[in-house]
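> Below is the file coords07.cif, which contains mmCIF, C-alpha atoms and all ligand atoms.
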data_data
loop_
_atom_site.label_atom_id
_atom_site.label_comp_id
_atom_site.auth_asym_id
_atom_site.auth_seq_id
_atom_site.Cartn_x
_atom_site.Cartn_y
_atom_site.Cartn_z
CA MET A 75 0.00 0.00 0.00
CA ALA A 76 2.96 2.32 0.50
CA LEU A 77 3.11 2.85 -3.22
CA ALA A 78 -0.64 3.42 -3.53
CA GLY A 79 -1.56 6.48 -5.47
CA PRO A 80 -3.33 5.93 -8.74
CA GLU A 81 -5.54 2.93 -9.36
CA PRO A 82 -3.46 -0.19 -8.60
CA GLY A 83 -2.40 -1.98 -11.75
CA GLY A 84 -3.39 0.93 -13.98
CA ALA A 85 -1.14 2.67 -16.48
CA LEU A 86 -0.10 5.36 -14.02
CA ASP A 87 0.56 2.85 -11.25
CA ARG A 88 2.79 0.79 -13.56
CA LEU A 89 4.69 3.92 -14.60
CA ILE A 90 5.30 4.85 -10.94
CA GLN A 91 6.40 1.34 -9.99
CA LEU A 92 8.96 1.33 -12.82
CA LEU A 93 10.23 4.84 -12.06
CA ALA A 94 10.67 3.75 -8.42
CA ARG A 95 13.24 1.19 -9.61
CA LEU A 96 15.59 3.85 -11.01
CA PRO A 97 18.69 4.47 -8.86
CA GLY A 98 18.06 7.25 -6.35
CA PHE A 99 14.30 6.97 -6.70
CA GLY A 100 11.81 5.54 -4.22
CA PRO A 101 8.02 5.37 -4.17
CA ARG A 102 7.56 9.01 -3.19
CA SER A 103 9.97 10.49 -5.69
CA ALA A 104 8.54 8.21 -8.36
CA ARG A 105 5.03 9.56 -7.68
CA ARG A 106 6.35 13.11 -7.91
CA ALA A 107 8.18 12.34 -11.13
CA ALA A 108 5.03 10.79 -12.64
CA LEU A 109 2.97 13.86 -11.76
CA GLN A 110 5.66 16.14 -13.17
CA LEU A 111 5.71 14.10 -16.38
CA ILE A 112 1.94 14.35 -16.76
CA SER A 113 1.89 18.06 -15.99
CA ARG A 114 4.54 18.59 -18.70
CA ARG A 115 3.06 16.21 -21.20
CA GLU A 116 4.34 17.90 -24.36
CA SER A 117 7.58 19.39 -23.09
CA LEU A 118 8.83 16.43 -21.04
CA MET A 119 6.71 13.27 -21.09
CA ALA A 120 6.37 12.87 -24.87
CA PRO A 121 10.08 13.63 -25.53
CA LEU A 122 11.14 11.24 -22.75
CA ALA A 123 8.91 8.47 -24.12
CA ALA A 124 10.41 9.04 -27.59
CA ALA A 125 13.99 9.17 -26.28
CA LEU A 126 13.50 5.95 -24.30
CA ALA A 127 12.01 4.18 -27.29
CA GLU A 128 14.83 5.41 -29.53
CA ALA A 129 17.57 4.45 -27.06
CA LEU A 130 15.91 1.08 -26.56
CA ASP A 131 15.86 0.55 -30.30
CA LYS A 132 19.29 1.90 -31.21
CA VAL A 133 21.77 2.01 -28.32
CA ARG A 134 24.01 -1.03 -28.21
CA PRO A 135 27.44 -1.86 -26.78
CA CYS A 136 30.30 -1.20 -29.20
CA SER A 137 31.63 -4.57 -30.37
CA ARG A 138 35.21 -3.29 -30.10
CA CYS A 139 35.33 -1.41 -26.81
CA GLY A 140 32.03 -1.97 -24.98
CA ASN A 141 31.07 1.73 -24.99
CA LEU A 142 27.39 2.47 -25.62
CA ASP A 143 26.38 4.18 -28.84
CA THR A 144 23.83 4.09 -31.63
CA MET A 145 26.53 3.03 -34.06
CA ASP A 146 28.97 0.13 -33.99
CA PRO A 147 31.90 0.78 -33.79
CA CYS A 148 31.15 3.65 -31.42
CA ALA A 149 32.01 7.32 -31.96
CA VAL A 150 35.25 6.97 -29.99
CA CYS A 151 36.43 3.91 -31.94
CA ARG A 152 35.47 5.57 -35.24
CA ASP A 153 37.31 8.83 -34.48
CA PRO A 154 40.52 8.90 -36.61
CA ALA A 155 41.96 11.65 -34.37
CA ARG A 156 42.15 9.29 -31.39
CA ASP A 157 45.40 7.50 -30.60
CA ALA A 158 44.86 3.81 -31.34
CA GLY A 159 48.17 3.06 -29.62
CA VAL A 160 46.72 3.55 -26.12
CA VAL A 161 43.74 1.70 -24.70
CA CYS A 162 42.24 2.71 -21.35
CA VAL A 163 40.60 -0.17 -19.48
CA VAL A 164 37.60 0.82 -17.34
CA GLU A 165 35.03 -1.12 -15.35
CA SER A 166 31.93 0.63 -16.69
CA VAL A 167 30.63 2.99 -19.34
CA GLY A 168 30.04 5.49 -16.53
CA ASP A 169 33.80 5.47 -15.85
CA LEU A 170 34.49 5.92 -19.57
CA TRP A 171 32.24 8.99 -19.54
CA ALA A 172 34.03 10.32 -16.43
CA ILE A 173 37.40 10.05 -18.18
CA GLU A 174 36.02 11.69 -21.31
CA ARG A 175 34.75 14.57 -19.18
CA SER A 176 38.28 15.06 -17.81
CA GLY A 177 39.42 15.80 -21.36
CA ALA A 178 42.83 14.30 -20.49
CA PHE A 179 42.73 11.14 -22.60
CA ARG A 180 42.78 10.86 -26.38
CA GLY A 181 43.24 7.11 -26.82
CA LEU A 182 40.66 4.33 -27.09
CA TYR A 183 38.81 2.40 -24.39
CA HIS A 184 38.02 -1.09 -23.26
CA VAL A 185 35.00 -1.47 -21.00
CA LEU A 186 35.22 -4.59 -18.82
CA GLY A 187 31.61 -4.53 -17.66
CA GLY A 188 32.51 -4.87 -13.97
CA HIS A 189 35.33 -6.24 -11.84
CA LEU A 190 36.46 -9.67 -10.73
CA SER A 191 34.40 -10.81 -7.77
CA ALA A 192 34.61 -14.20 -6.10
CA ILE A 193 31.46 -13.40 -4.09
CA ASP A 194 29.41 -12.55 -7.17
CA GLY A 195 31.01 -15.34 -9.20
CA ILE A 196 32.43 -12.92 -11.78
CA GLY A 197 35.53 -14.30 -13.47
CA PRO A 198 37.69 -13.10 -16.38
CA ASP A 199 35.34 -14.50 -19.02
CA GLU A 200 32.43 -12.44 -17.68
CA LEU A 201 34.49 -9.27 -17.99
CA ARG A 202 35.55 -9.01 -21.63
CA ILE A 203 39.15 -9.73 -20.56
CA PRO A 204 39.60 -12.23 -23.43
CA ALA A 205 38.40 -9.46 -25.78
CA LEU A 206 41.07 -7.18 -24.33
CA ILE A 207 43.78 -9.78 -24.93
CA ALA A 208 42.51 -10.07 -28.49
CA ARG A 209 43.20 -6.38 -29.04
CA LEU A 210 46.95 -6.80 -28.38
CA GLY A 211 49.34 -6.32 -31.30
CA ALA A 212 50.21 -3.33 -33.49
CA PRO A 213 49.45 -0.46 -33.15
CA LEU A 214 48.74 -1.00 -29.44
CA ARG A 215 51.70 0.11 -27.31
CA GLU A 216 50.10 0.97 -23.93
CA VAL A 217 47.22 -0.28 -21.82
CA VAL A 218 46.12 2.13 -19.06
CA LEU A 219 44.36 0.33 -16.22
CA ALA A 220 41.81 2.88 -14.97
CA LEU A 221 39.96 0.69 -12.52
CA ASN A 222 38.28 1.83 -9.35
CA ALA A 223 40.60 2.18 -6.33
CA THR A 224 38.56 -0.44 -4.48
CA VAL A 225 39.79 -3.87 -3.40
CA ASP A 226 37.92 -5.55 -6.26
CA GLY A 227 39.06 -2.94 -8.76
CA GLN A 228 42.70 -3.32 -7.78
CA THR A 229 42.46 -7.12 -7.74
CA THR A 230 41.13 -6.89 -11.27
CA ALA A 231 43.95 -4.53 -12.26
CA HIS A 232 46.57 -6.95 -10.86
CA TYR A 233 45.00 -9.84 -12.74
CA ILE A 234 44.96 -7.97 -16.03
CA ALA A 235 48.54 -6.69 -15.57
CA ALA A 236 49.65 -10.32 -15.08
CA GLN A 237 47.82 -11.40 -18.22
CA LEU A 238 49.43 -8.63 -20.27
CA ALA A 239 52.99 -9.10 -18.92
CA GLY A 240 55.58 -10.03 -21.55
CA ARG A 241 53.27 -9.34 -24.47
CA GLY A 242 55.06 -6.27 -25.78
CA VAL A 243 52.67 -3.71 -24.39
CA ALA A 244 53.32 -1.20 -21.60
CA VAL A 245 50.83 -1.50 -18.76
CA THR A 246 50.20 1.62 -16.70
CA ARG A 247 47.81 2.61 -13.97
CA LEU A 248 46.24 5.87 -12.90
CA ALA A 249 48.55 7.80 -10.59
CA HIS A 250 47.78 8.25 -6.97
CA GLY A 251 45.40 11.10 -6.79
CA VAL A 252 42.46 8.77 -6.95
CA PRO A 253 41.38 8.60 -3.29
CA VAL A 254 41.72 5.16 -1.74
CA GLY A 255 38.35 3.47 -1.85
CA GLY A 256 37.08 6.08 -4.27
CA GLU A 257 35.07 5.44 -7.38
CA LEU A 258 36.06 7.21 -10.58
CA ASP A 259 32.59 8.42 -11.41
CA TYR A 260 32.52 10.51 -8.19
CA LEU A 261 35.80 12.34 -8.81
CA ASP A 262 36.00 15.90 -9.97
CA ASP A 263 37.35 16.25 -13.50
CA GLY A 264 40.59 17.96 -12.43
CA THR A 265 41.63 15.16 -10.07
CA LEU A 266 40.98 12.62 -12.76
CA ALA A 267 42.97 14.61 -15.31
CA ALA A 268 45.93 14.87 -12.89
CA ALA A 269 45.82 11.15 -12.13
CA LEU A 270 45.85 10.37 -15.84
CA LYS A 271 48.76 12.66 -16.60
CA ALA A 272 50.85 11.15 -13.77
CA ARG A 273 50.05 7.56 -14.65
CA ARG A 274 52.88 5.16 -13.87
CA PRO A 275 54.04 1.69 -14.95
CA SER A 276 51.97 -1.03 -13.38
CA ALA A 277 53.58 -3.36 -10.81
CA GLU A 278 51.92 -6.75 -11.03
CA MET B 490 30.25 19.85 -20.76
CA ALA B 491 29.14 18.92 -17.24
CA LEU B 492 26.49 16.67 -18.71
CA ALA B 493 28.84 15.14 -21.26
CA GLY B 494 28.87 11.41 -21.32
CA PRO B 495 27.65 9.79 -24.48
CA GLU B 496 27.99 11.49 -27.85
CA PRO B 497 26.38 14.94 -27.59
CA GLY B 498 23.02 15.09 -29.33
CA GLY B 499 22.80 11.32 -29.68
CA ALA B 500 19.96 9.12 -28.48
CA LEU B 501 21.63 8.38 -25.14
CA ASP B 502 22.54 12.02 -24.57
CA ARG B 503 18.92 13.08 -25.21
CA LEU B 504 17.65 10.42 -22.81
CA ILE B 505 20.03 11.63 -20.08
CA GLN B 506 19.13 15.28 -20.60
CA LEU B 507 15.43 14.46 -20.25
CA LEU B 508 15.93 12.23 -17.21
CA ALA B 509 17.93 15.07 -15.61
CA ARG B 510 14.75 17.19 -15.70
CA LEU B 511 12.82 14.83 -13.41
CA PRO B 512 12.38 16.13 -9.85
CA GLY B 513 15.21 14.93 -7.61
CA PHE B 514 17.44 14.10 -10.57
CA GLY B 515 20.51 15.96 -11.80
CA PRO B 516 23.08 15.23 -14.50
CA ARG B 517 24.91 12.58 -12.48
CA SER B 518 21.86 10.66 -11.31
CA ALA B 519 20.43 10.89 -14.83
CA ARG B 520 23.59 9.29 -16.25
CA ARG B 521 23.38 6.52 -13.65
CA ALA B 522 19.70 5.98 -14.39
CA ALA B 523 20.40 5.77 -18.13
CA LEU B 524 23.14 3.18 -17.57
CA GLN B 525 20.86 1.20 -15.25
CA LEU B 526 18.11 1.29 -17.86
CA ILE B 527 20.44 0.00 -20.58
CA SER B 528 21.89 -2.69 -18.34
CA ARG B 529 18.33 -3.87 -17.59
CA ARG B 530 17.02 -3.52 -21.09
CA GLU B 531 14.34 -6.22 -20.94
CA SER B 532 13.38 -6.04 -17.25
CA LEU B 533 13.29 -2.25 -16.85
CA MET B 534 13.94 -0.17 -19.96
CA ALA B 535 11.43 -1.82 -22.29
CA PRO B 536 8.65 -1.90 -19.64
CA LEU B 537 9.32 1.73 -18.72
CA ALA B 538 9.20 2.81 -22.37
CA ALA B 539 5.91 0.94 -22.76
CA ALA B 540 4.44 2.35 -19.52
CA LEU B 541 5.41 5.89 -20.50
CA ALA B 542 3.90 5.50 -23.95
CA GLU B 543 0.72 4.02 -22.48
CA ALA B 544 0.38 6.70 -19.79
CA LEU B 545 1.05 9.37 -22.41
CA ASP B 546 -1.67 7.91 -24.60
CA LYS B 547 -4.30 7.13 -21.97
CA VAL B 548 -3.92 9.07 -18.72
CA ARG B 549 -6.07 12.18 -18.63
CA PRO B 550 -7.56 14.41 -15.91
CA CYS B 551 -11.05 13.33 -14.81
CA SER B 552 -13.55 15.86 -16.16
CA ARG B 553 -15.47 15.79 -12.87
CA CYS B 554 -12.81 15.89 -10.17
CA GLY B 555 -9.44 16.50 -11.84
CA ASN B 556 -7.94 13.20 -10.67
CA LEU B 557 -5.71 11.40 -13.19
CA ASP B 558 -6.91 8.12 -14.66
CA THR B 559 -7.16 6.17 -17.89
CA MET B 560 -10.96 6.46 -17.76
CA ASP B 561 -13.19 9.49 -17.48
CA PRO B 562 -14.87 9.75 -15.00
CA CYS B 563 -12.05 8.38 -12.89
CA ALA B 564 -12.14 5.25 -10.70
CA VAL B 565 -13.02 7.31 -7.61
CA CYS B 566 -15.91 9.16 -9.29
CA ARG B 567 -17.21 5.89 -10.81
CA ASP B 568 -17.15 3.98 -7.50
CA PRO B 569 -20.78 3.61 -6.28
CA ALA B 570 -19.55 2.78 -2.77
CA ARG B 571 -18.11 6.29 -2.32
CA ASP B 572 -20.19 8.95 -0.55
CA ALA B 573 -21.19 11.51 -3.17
CA GLY B 574 -22.39 13.78 -0.35
CA VAL B 575 -18.84 14.79 0.64
CA VAL B 576 -16.26 16.35 -1.66
CA CYS B 577 -12.69 16.84 -0.51
CA VAL B 578 -10.92 19.79 -2.17
CA VAL B 579 -7.18 19.34 -2.69
CA GLU B 580 -4.50 21.33 -4.47
CA SER B 581 -2.95 18.49 -6.43
CA VAL B 582 -3.39 14.88 -7.49
CA GLY B 583 -0.42 14.08 -5.22
CA ASP B 584 -2.48 15.33 -2.26
CA LEU B 585 -5.45 13.23 -3.42
CA TRP B 586 -3.18 10.17 -3.44
CA ALA B 587 -1.90 11.04 0.05
CA ILE B 588 -5.48 11.18 1.41
CA GLU B 589 -6.36 7.92 -0.34
CA ARG B 590 -3.34 6.30 1.30
CA SER B 591 -4.62 7.39 4.73
CA GLY B 592 -7.74 5.27 4.09
CA ALA B 593 -9.78 7.76 6.16
CA PHE B 594 -11.91 9.32 3.43
CA ARG B 595 -14.67 7.66 1.43
CA GLY B 596 -16.17 10.66 -0.36
CA LEU B 597 -15.27 12.23 -3.70
CA TYR B 598 -12.57 14.76 -4.60
CA HIS B 599 -12.07 18.04 -6.35
CA VAL B 600 -8.53 18.79 -7.52
CA LEU B 601 -7.88 22.53 -7.84
CA GLY B 602 -4.63 22.20 -9.75
CA GLY B 603 -2.73 24.56 -7.43
CA HIS B 604 -3.44 27.43 -5.07
CA LEU B 605 -4.23 31.12 -5.46
CA SER B 606 -1.02 33.08 -5.96
CA ALA B 607 -0.77 36.77 -6.70
CA ILE B 608 2.92 36.38 -7.49
CA ASP B 609 2.35 33.63 -10.05
CA GLY B 610 -0.82 35.29 -11.37
CA ILE B 611 -3.00 32.32 -10.43
CA GLY B 612 -6.61 33.37 -9.81
CA PRO B 613 -9.82 31.41 -9.16
CA ASP B 614 -10.43 30.67 -12.85
CA GLU B 615 -7.04 28.96 -13.19
CA LEU B 616 -7.92 26.66 -10.28
CA ARG B 617 -11.12 24.85 -11.24
CA ILE B 618 -12.95 26.84 -8.56
CA PRO B 619 -15.84 27.58 -10.95
CA ALA B 620 -16.04 23.82 -11.58
CA LEU B 621 -16.28 23.29 -7.82
CA ILE B 622 -19.15 25.79 -7.55
CA ALA B 623 -20.86 23.93 -10.39
CA ARG B 624 -20.83 20.74 -8.30
CA LEU B 625 -22.99 22.32 -5.56
CA GLY B 626 -26.56 21.02 -5.11
CA ALA B 627 -27.99 17.63 -4.09
CA PRO B 628 -26.55 15.24 -3.01
CA LEU B 629 -23.58 17.38 -1.91
CA ARG B 630 -23.82 18.23 1.79
CA GLU B 631 -20.18 18.84 2.80
CA VAL B 632 -17.04 20.26 1.23
CA VAL B 633 -13.81 19.38 3.06
CA LEU B 634 -11.05 21.89 2.35
CA ALA B 635 -7.87 19.80 2.49
CA LEU B 636 -5.39 22.41 1.33
CA ASN B 637 -1.78 22.66 2.34
CA ALA B 638 -1.12 24.44 5.65
CA THR B 639 0.92 27.06 3.84
CA VAL B 640 0.04 30.74 3.52
CA ASP B 641 -1.09 30.27 -0.08
CA GLY B 642 -3.02 27.10 0.75
CA GLN B 643 -4.86 28.77 3.60
CA THR B 644 -5.56 31.90 1.56
CA THR B 645 -7.10 29.63 -1.05
CA ALA B 646 -9.16 27.84 1.63
CA HIS B 647 -10.48 31.17 2.94
CA TYR B 648 -11.42 32.25 -0.55
CA ILE B 649 -13.28 29.02 -1.32
CA ALA B 650 -15.04 29.05 2.06
CA ALA B 651 -16.28 32.57 1.28
CA GLN B 652 -17.52 31.46 -2.14
CA LEU B 653 -19.43 28.52 -0.65
CA ALA B 654 -20.95 30.43 2.29
CA GLY B 655 -24.77 30.47 2.30
CA ARG B 656 -25.09 27.89 -0.45
CA GLY B 657 -26.54 25.09 1.70
CA VAL B 658 -23.32 23.11 2.01
CA ALA B 659 -21.22 22.57 5.14
CA VAL B 660 -17.63 23.67 4.68
CA THR B 661 -15.02 21.95 6.84
CA ARG B 662 -11.24 21.93 7.04
CA LEU B 663 -8.70 19.41 8.13
CA ALA B 664 -8.19 19.51 11.89
CA HIS B 665 -5.00 20.78 13.37
CA GLY B 666 -2.64 17.92 13.25
CA VAL B 667 -1.31 19.07 9.92
CA PRO B 668 1.95 20.79 10.95
CA VAL B 669 2.05 24.52 10.23
CA GLY B 670 3.84 25.03 6.95
CA GLY B 671 3.57 21.35 6.21
CA GLU B 672 2.60 19.84 2.89
CA LEU B 673 0.11 16.99 2.85
CA ASP B 674 2.14 14.75 0.66
CA TYR B 675 4.93 14.64 3.25
CA LEU B 676 2.74 13.57 6.18
CA ASP B 677 2.61 10.06 7.53
CA ASP B 678 -0.70 8.34 6.86
CA GLY B 679 -1.74 8.23 10.55
CA THR B 680 -1.43 11.99 11.03
CA LEU B 681 -3.45 12.59 7.92
CA ALA B 682 -6.13 10.13 9.06
CA ALA B 683 -6.37 11.82 12.48
CA ALA B 684 -6.62 15.26 10.90
CA LEU B 685 -9.43 14.06 8.66
CA LYS B 686 -11.42 12.46 11.49
CA ALA B 687 -11.16 15.64 13.61
CA ARG B 688 -12.09 18.00 10.79
CA ARG B 689 -14.02 21.07 11.97
CA PRO B 690 -16.37 23.69 10.48
CA SER B 691 -14.47 26.25 8.47
CA ALA B 692 -14.33 29.86 9.70
CA GLU B 693 -14.16 32.13 6.68
ZN ZN C 701 33.98 1.53 -29.32
ZN ZN C 702 -12.96 11.85 -10.88
#
Turn the structure described in the file into structure tokens.

Amino acid sequence: MALAGPEPGGALDRLIQLLARLPGFGPRSARRAALQLISRRESLMAPLAAALAEALDKVRPCSRCGNLDTMDPCAVCRDPARDAGVVCVVESVGDLWAIERSGAFRGLYHVLGGHLSAIDGIGPDELRIPALIARLGAPLREVVLALNATVDGQTTAHYIAAQLAGRGVAVTRLAHGVPVGGELDYLDDGTLAAALKARRPSAE
Amino acid sequence: MALAGPEPGGALDRLIQLLARLPGFGPRSARRAALQLISRRESLMAPLAAALAEALDKVRPCSRCGNLDTMDPCAVCRDPARDAGVVCVVESVGDLWAIERSGAFRGLYHVLGGHLSAIDGIGPDELRIPALIARLGAPLREVVLALNATVDGQTTAHYIAAQLAGRGVAVTRLAHGVPVGGELDYLDDGTLAAALKARRPSAE
């Protein structure tokens, strides 16, 4: 009953229940969002419905790097001005966006889709690590491990560094500057830019 | 650039910009919500797109009371078990939902769509007050003014009470119990139920 508002099971109720599942939303904020949508039918609700339908139809992971885009390869992979000699490995697309916002990186990316986790049963094959190995070879000269400074993130970075050792590619990590325990997507752009510039060779 | 994430102007960027306009959301939470939607394409994104499209197509204000529903009259107005002798006047559909959640009211509603506001240029005709006057006559015996305990809400209640005076209908207000300055939608259900049960005749 806590969610009760519009007629249970009706179109509005379903909309509220789904909005309540978005991160940061609960039943109350979902009700408010639904009312706001309906009160701005033409300026907000119709465009949002169209944008959702379009994203649902067109946005897919890039088959090369795992970034999300309406085209495959994605805009980053297609950009001839980017340095194909450096690939930055990130856990999530949100981290990729954070690094792009820093403006400090002009290479390509590789999105793992998470981190190694014994508890969650996530191993290398769940993480697009084989796909990363498959990208080795010319022109690739450096892999930047930009994983979260969490235990799982650093475990994942160690694992990848070991896999890449002796394969003719430099493996670097973000410099200290990333707070211990911090997640990339919460950093200000300047900190992230500094950490990228001061990146150092990776110890296994 | 603060919103930058996916390719500017692309389908994902548009989705994030629209999500960022929902109440309680900003650029960062909108980016997270978009990523969550895409990572739960079948279980969340597709149902939300469908629910939005359906609500956009079908949800309309009830022509009698202003409630939102897929049918007109709405489920409350159509319910023969509700007491058509009592109409509860509220500012918004969110307030109507809050009173329904309290379970303490079995009459009908009248949604004003806001409150009188000199600053915002909102007068009686913008508020469905004429439509409320038009509902007077048998079987209506009581109008409960359940407006927010804000200055504007109480000004609106005074104005409506004056309009209804001498027209053969009892005009009541929610009892004290609603905190001064409080908004109905933020009250716990028990407080709202108590305030409804102890409602008193309205002084103009
Ligand atoms: Zn790509
Ligand atoms: Zn109605």
> Using all atoms listed in the file and a distance of at most 6 Å, pull out the residues of chain A that contact chain B, as a compact mmCIF listing (two decimals) with C-alpha atoms, in the frame of the given file.

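Output below, filename out_37.txt:
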# COMPACT_ATOMS: atom_id res chain seq x y z
CA GLY A 79 -1.56 6.48 -5.47
CA ALA A 85 -1.14 2.67 -16.48
CA LEU A 86 -0.10 5.36 -14.02
CA LEU A 89 4.69 3.92 -14.60
CA LEU A 92 8.96 1.33 -12.82
CA LEU A 96 15.59 3.85 -11.01
CA PRO A 97 18.69 4.47 -8.86
CA ALA A 107 8.18 12.34 -11.13
CA LEU A 122 11.14 11.24 -22.75
CA ALA A 123 8.91 8.47 -24.12
CA ALA A 125 13.99 9.17 -26.28
CA LEU A 126 13.50 5.95 -24.30
CA ALA A 127 12.01 4.18 -27.29
CA ALA A 129 17.57 4.45 -27.06
CA TRP A 171 32.24 8.99 -19.54
> Give me, please, the distance in Å between atom CA of A:Cys162 and atom CA of A:Glu216, quoted to one decimal.
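Distance reported for this atom pair: 8.5 Å.
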> Near stretch 611-615 of chain B, counting all atoms listed in the file, which residues have an atom at most 12 Å away, once you skip same-chain residues fewer than 5 positions from it, shown as a ChimeraX atom specification?
/B:580,600-606,620-622,641,644-646,648-649,652
> Quick one: everything within 12 Å of A:Arg152, counting all atoms listed in the file, minus sequence neighbours fewer than 5 positions away in the same chain. Send it as a PyMOL selection string.
chain A and resi 136-139+141+143+145-147+157-158+181-183
> Have a look at A:Leu210, A:Glu257, A:Asp194, A:Ala155 and name the one nearest to A:Thr224; count all atoms listed in the file.
A:Glu257
> Please report the interatomic distance between atom CA of B:Ala651 and atom CA of B:Val632 in Å with one decimal.
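About the pair atom CA of B:Ala651 and atom CA of B:Val632: they are 12.3 Å apart.
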> Just the number, please: distance in Å from atom CA of B:Ala664 to atom CA of B:Lys686, one decimal.
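One can read the atom CA of B:Ala664 to atom CA of B:Lys686 distance as 7.8 Å.
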> How big is the axis-aligned box around all listed atoms of stretch 88-103 of chain A once 5 Å goes on each side, and where's its centre, in Å to one decimal, as JSON?

{"center_x": 10.7, "center_y": 5.6, "center_z": -8.9, "size_x": 25.9, "size_y": 19.7, "size_z": 21.4}
> Which one of A:Val164, A:Ala239, A:Cys151, A:Ala269 sits closest to ligand ZN 701 (chain C) if you count only C-alpha atoms and all ligand atoms?
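Result for the nearest residue to ligand ZN 701 (chain C): A:Cys151.
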> So that I can check the surroundings of A:Val218, please list as a VMD selection string every protein, DNA and RNA residue that reaches within 7 Å of it, counting all atoms listed in the file and ignoring chain neighbours fewer than 4 positions away.
chain A and resid 161 to 163 245 to 247
